[in-house]
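First the structure, in the form of structure tokens, and then the observations on it.
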Amino acid sequence: MTLAPASKKQEQFLNSDATITLNPKHVIEATTAGLELVGDSEKRGCKRYKVVSCGHEIITQPSHVRRNHWSCTTCDTNKVVQLGAKLGLEYLGPGIRSGSGLYKLPCGHVKSKSYQQLRKESFSCDSCAEKTVSDSLNSKGFSLLSKNKSQTVAMCTAGHVSRFNNGAVVRCSFECKSCVRSVWEQQALSAGLVYLSSAKSGNRGLYKLPCGCSKELRRDHVRENVWCCDNCDDTRFNRPGVVYLLQITVESLHWLKLGFSNNLKTRISSYGLPSDAHISVLTVLDFETCREALLYEKQIHSTFKSKRLNPAALRKYHTVSGHTECYPTSLTESIIREFNAKRTGDTCTRQ
Ligand SMILES: [Zn+2]
Ligand SMILES: [Zn+2]
Ligand SMILES: [Zn+2]
Ligand SMILES: [Zn+2]
């Protein structure tokens with residue numbers, strides 16, 4: 001029987017004998033970390049290990065193994081390839097860092113993305129983000145002055161300079177504070193108030209009331225002219241008020257507007273409707289105080305809440321206020337019936 005030349009297996013076996021001479025401490029550390037020490041590596045300070053769970057070989061430092069701080073490069077790469085394919089990205093090869101891949105994004109740009117980035121589906125393209133920022137600024141009439149990694153400096157059409165977080169710009173959720181302030185001042189004036197400053201909560205402001213008191217008010221309450229002074233008896237809320245139902249017609253569109261006021265005429269003129277809008281007062285219910293009128297108005301709104309028209313769409317016509325509580329004209333009869341029931345003291349007439 002002649003001996004065959006040493007096969008690959010035998011070679012490996014002979015090499016594996018060398019592991020016996022390896023530092024037993026490293027062998028134990030490898031076993032503890034779920035690895036098997038294979039031998040030395042050409043990479044300085046590193047050794048070759050076999051991952052017990054998957055069988056792949058990795059090259060890493062014994063100190064990393066000791067801290068159990070290792071990962072299987074082959075498995076990591078497989079994961080990024082698979083995940084990338086699932087997200088519709090074309091895998092081009094290994095990425096800049098280990099465990100990352102080089103991908104062609106749907107936009108056509110090529111980027112290195114890690115497994116973590118892909119898993120969060122945050123494979124946004126910074127090259128495209130640049131364009132999104134400039135598009136977003138343009139859409140709001142801002143011009144870009146400068147931009148760094150986190151912030152954008154831009155100028156509004158009125159010439160005010162603002163600094164925004166890039167994220168807010170991309171989401172299009174930014175505005176010129178100076179311009180917004182002048183809108184708030186305008187809304188305050190038409191409600192007979194003076195705007196003083198912002199409040200802690202973003203949807204509130206500090207206002208000076210006609211009685212001389214200062215009060216924090218909700219901005220939408222100021223816009224709708226629904227506010228009162230807690231200190232003074234002489235509040236608008238103690239004066240007589242009405243709940244009204246209007247039919248508004250602009251060109252071929254009709255809708256109902258339900259509201260309360262202490263002065264219907266000025267209320268209608270504060271909507272900012274187009275000059276060719278036709279307004280008919282369908283019914284008006286008198287109350288001894290605005291407070292009672294407001295309560296009744298809220299009650300009707302809650303009854304018909306589900307049928308309310310989309311405020312955002314009505315903003316086109318109600319350019320200043322009154323866009324929030326509008327209804328289709330198909331509800332005319334039902335709402336008038338509610339009014340009549342209230343007038344005659346009947347309480348339950350709901351359909
Ligand atoms: Zn592996
Ligand atoms: Zn891109
Ligand atoms: Zn501005
Ligand atoms: Zn007061």
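How things are named: the first chain in the structure tokens is A, the next is B, and so on; residues count from 1 in each chain; ligands count from 1 in the order shown.
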
Nearby residues, ligand 4, 12 Å, only C-alpha atoms and all ligand atoms, as a PyMOL selection string: chain A and resi 193+207-215+227-237

All strand (DSSP E or B) positions in segment 137-249 of chain A, as number ranges by chain: A: 143-147, 151-155, 161-165, 194-198, 204-208, 214-218, 241-249

Selection near Thr283 of chain A, 8 Å with only C-alpha atoms, sequence-local residues under 6 positions removed, as a ChimeraX atom specification: /A:244-246,336,339

Distance of atom CA of Asn238 of chain A from atom CA of Glu288 of chain A, expressed in Å to one decimal place: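 Going from atom CA of Glu288 of chain A over to atom CA of Asn238 of chain A covers 8.0 Å.
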
All residues having an atom within 6 Å of ligand 1 (only C-alpha atoms and all ligand atoms) as a ChimeraX atom specification: /A:54,56,72,74-75

Distance criterion (only C-alpha atoms): nearest to Thr289 of chain A out of A:Phe304, A:Tyr271, A:Phe142, A:Phe260: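 Answer, going by the shortest atom-to-atom distance: A:Phe260.
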
7 Å contact set for segment 318-332 of chain A, only C-alpha atoms, chain neighbours under 6 positions out, as a ChimeraX atom specification: /A:223-224,254-258,270-273,307-309,311

Any chance you could tabulate, as a Markdown table, the residues of chain A at most 10 Å from ligand 3 with each one's nearest atom pair and distance in Å to one decimal, using only C-alpha atoms and all ligand atoms, in chain and rising number order?
| residue | atom | partner | partner_atom_place_in_ligand_line | distance |
| --- | --- | --- | --- | --- |
| A:Gly141 | CA | ligand 3 | 1 (Zn) | 9.8 |
| A:Phe142 | CA | ligand 3 | 1 (Zn) | 8.9 |
| A:Met155 | CA | ligand 3 | 1 (Zn) | 7.3 |
| A:Cys156 | CA | ligand 3 | 1 (Zn) | 4.8 |
| A:Thr157 | CA | ligand 3 | 1 (Zn) | 6.4 |
| A:Ala158 | CA | ligand 3 | 1 (Zn) | 4.9 |
| A:Gly159 | CA | ligand 3 | 1 (Zn) | 6.1 |
| A:His160 | CA | ligand 3 | 1 (Zn) | 4.5 |
| A:Val161 | CA | ligand 3 | 1 (Zn) | 7.3 |
| A:Ser162 | CA | ligand 3 | 1 (Zn) | 8.2 |
| A:Glu175 | CA | ligand 3 | 1 (Zn) | 7.9 |
| A:Cys176 | CA | ligand 3 | 1 (Zn) | 4.6 |
| A:Lys177 | CA | ligand 3 | 1 (Zn) | 6.5 |
| A:Ser178 | CA | ligand 3 | 1 (Zn) | 5.0 |
| A:Cys179 | CA | ligand 3 | 1 (Zn) | 4.0 |
| A:Val180 | CA | ligand 3 | 1 (Zn) | 7.3 |
| A:Arg181 | CA | ligand 3 | 1 (Zn) | 8.9 |
| A:Ser182 | CA | ligand 3 | 1 (Zn) | 8.9 |

Give me, as JSON lines, each residue of chain A that comes within 9 Å of ligand 2, together with its shortest interatomic pair and the distance in Å at one decimal, counting only C-alpha atoms and all ligand atoms, with rows ordered by chain and rising residue number.
{"residue": "A:Leu105", "atom": "CA", "partner": "ligand 2", "partner_atom_place_in_ligand_line": "1 (Zn)", "distance": 6.6}
{"residue": "A:Pro106", "atom": "CA", "partner": "ligand 2", "partner_atom_place_in_ligand_line": "1 (Zn)", "distance": 7.5}
{"residue": "A:Cys107", "atom": "CA", "partner": "ligand 2", "partner_atom_place_in_ligand_line": "1 (Zn)", "distance": 4.6}
{"residue": "A:Gly108", "atom": "CA", "partner": "ligand 2", "partner_atom_place_in_ligand_line": "1 (Zn)", "distance": 6.0}
{"residue": "A:His109", "atom": "CA", "partner": "ligand 2", "partner_atom_place_in_ligand_line": "1 (Zn)", "distance": 4.6}
{"residue": "A:Val110", "atom": "CA", "partner": "ligand 2", "partner_atom_place_in_ligand_line": "1 (Zn)", "distance": 7.7}
{"residue": "A:Lys111", "atom": "CA", "partner": "ligand 2", "partner_atom_place_in_ligand_line": "1 (Zn)", "distance": 8.6}
{"residue": "A:Ser124", "atom": "CA", "partner": "ligand 2", "partner_atom_place_in_ligand_line": "1 (Zn)", "distance": 7.6}
{"residue": "A:Cys125", "atom": "CA", "partner": "ligand 2", "partner_atom_place_in_ligand_line": "1 (Zn)", "distance": 4.5}
{"residue": "A:Asp126", "atom": "CA", "partner": "ligand 2", "partner_atom_place_in_ligand_line": "1 (Zn)", "distance": 6.6}
{"residue": "A:Ser127", "atom": "CA", "partner": "ligand 2", "partner_atom_place_in_ligand_line": "1 (Zn)", "distance": 5.0}
{"residue": "A:Cys128", "atom": "CA", "partner": "ligand 2", "partner_atom_place_in_ligand_line": "1 (Zn)", "distance": 4.1}
{"residue": "A:Ala129", "atom": "CA", "partner": "ligand 2", "partner_atom_place_in_ligand_line": "1 (Zn)", "distance": 7.4}
{"residue": "A:Lys131", "atom": "CA", "partner": "ligand 2", "partner_atom_place_in_ligand_line": "1 (Zn)", "distance": 9.0}

I need the chosen residues saved as a PDB file, in the first residue's frame, with N, CA and C atoms.
ATOM      1  N   LEU A 105     -28.712  53.421  -5.164  1.00  0.00           N
ATOM      2  CA  LEU A 105     -30.030  53.795  -4.640  1.00  0.00           C
ATOM      3  C   LEU A 105     -31.008  54.021  -5.794  1.00  0.00           C
ATOM      4  N   PRO A 106     -32.306  53.997  -5.492  1.00  0.00           N
ATOM      5  CA  PRO A 106     -33.301  54.190  -6.557  1.00  0.00           C
ATOM      6  C   PRO A 106     -33.071  55.491  -7.332  1.00  0.00           C
ATOM      7  N   CYS A 107     -32.483  56.505  -6.663  1.00  0.00           N
ATOM      8  CA  CYS A 107     -32.256  57.786  -7.347  1.00  0.00           C
ATOM      9  C   CYS A 107     -31.074  57.707  -8.309  1.00  0.00           C
ATOM     10  N   GLY A 108     -30.275  56.619  -8.193  1.00  0.00           N
ATOM     11  CA  GLY A 108     -29.141  56.476  -9.106  1.00  0.00           C
ATOM     12  C   GLY A 108     -27.801  56.752  -8.438  1.00  0.00           C
ATOM     13  N   HIS A 109     -27.805  57.430  -7.274  1.00  0.00           N
ATOM     14  CA  HIS A 109     -26.546  57.681  -6.573  1.00  0.00           C
ATOM     15  C   HIS A 109     -26.039  56.407  -5.921  1.00  0.00           C
ATOM     16  N   VAL A 110     -24.709  56.276  -5.779  1.00  0.00           N
ATOM     17  CA  VAL A 110     -24.114  55.104  -5.140  1.00  0.00           C
ATOM     18  C   VAL A 110     -23.636  55.502  -3.748  1.00  0.00           C
ATOM     19  N   LYS A 111     -24.102  54.757  -2.713  1.00  0.00           N
ATOM     20  CA  LYS A 111     -23.770  55.084  -1.321  1.00  0.00           C
ATOM     21  C   LYS A 111     -23.399  53.831  -0.552  1.00  0.00           C
ATOM     22  N   SER A 124     -31.665  57.228   3.167  1.00  0.00           N
ATOM     23  CA  SER A 124     -31.859  58.487   2.453  1.00  0.00           C
ATOM     24  C   SER A 124     -30.545  58.876   1.785  1.00  0.00           C
ATOM     25  N   CYS A 125     -30.672  59.560   0.687  1.00  0.00           N
ATOM     26  CA  CYS A 125     -29.497  59.908  -0.098  1.00  0.00           C
ATOM     27  C   CYS A 125     -29.123  61.353   0.199  1.00  0.00           C
ATOM     28  N   ASP A 126     -27.912  61.582   0.750  1.00  0.00           N
ATOM     29  CA  ASP A 126     -27.545  62.952   1.104  1.00  0.00           C
ATOM     30  C   ASP A 126     -27.427  63.847  -0.135  1.00  0.00           C
ATOM     31  N   SER A 127     -27.045  63.252  -1.261  1.00  0.00           N
ATOM     32  CA  SER A 127     -26.956  64.063  -2.487  1.00  0.00           C
ATOM     33  C   SER A 127     -28.340  64.573  -2.878  1.00  0.00           C
ATOM     34  N   CYS A 128     -29.324  63.664  -2.760  1.00  0.00           N
ATOM     35  CA  CYS A 128     -30.693  64.072  -3.103  1.00  0.00           C
ATOM     36  C   CYS A 128     -31.248  65.016  -2.031  1.00  0.00           C
ATOM     37  N   ALA A 129     -30.841  64.791  -0.743  1.00  0.00           N
ATOM     38  CA  ALA A 129     -31.323  65.635   0.349  1.00  0.00           C
ATOM     39  C   ALA A 129     -30.968  67.095   0.079  1.00  0.00           C
ATOM     40  N   LYS A 131     -30.901  68.550  -2.710  1.00  0.00           N
ATOM     41  CA  LYS A 131     -31.866  69.058  -3.668  1.00  0.00           C
ATOM     42  C   LYS A 131     -33.216  69.279  -2.970  1.00  0.00           C
TER      43      LYS A 131
END

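For the residues A:Lys86, A:Ser302, A:Ser269, A:Leu294, ranking by smallest atom-to-atom distance to Arg119 of chain A using only C-alpha atoms places A:Lys86 first.
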
Which residue of A:Ile59, A:Leu83, A:Leu137, A:Ala154 approaches Lys120 of chain A most closely, using only C-alpha atoms: A:Leu83

Top pick for closest residue to Asp286 of chain A, considering A:Lys43, A:Arg239, A:Arg67, A:His26 and counting only C-alpha atoms: A:Arg239

Option closest in space to Arg44 of chain A, from A:Gly259, A:Gly95, A:Pro240, A:Pro62 [counting only C-alpha atoms]: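 Selected residue with least distance to Arg44 of chain A: A:Pro62.
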
All alpha helix (DSSP H) positions in segment 190-257 of chain A, as a ChimeraX atom specification: /A:190,219-223

With C-alpha atoms kept, could you save the residues just selected as an mmCIF file, in the first residue's frame?
data_model
loop_
_atom_site.group_PDB
_atom_site.id
_atom_site.type_symbol
_atom_site.label_atom_id
_atom_site.label_comp_id
_atom_site.auth_asym_id
_atom_site.auth_seq_id
_atom_site.Cartn_x
_atom_site.Cartn_y
_atom_site.Cartn_z
ATOM 1 C CA SER A 190 -58.848 92.443 14.269
ATOM 2 C CA ARG A 219 -53.905 81.647 18.832
ATOM 3 C CA ASP A 220 -56.898 79.996 17.170
ATOM 4 C CA HIS A 221 -59.167 81.595 19.784
ATOM 5 C CA VAL A 222 -57.699 84.988 18.902
ATOM 6 C CA ARG A 223 -58.110 84.250 15.198
#

Option closest in space to Ala199 of chain A, from A:Glu216, A:Glu251, A:Asp135, A:Glu338 [counting only C-alpha atoms]: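 Smallest separation from Ala199 of chain A among the options: A:Glu216.
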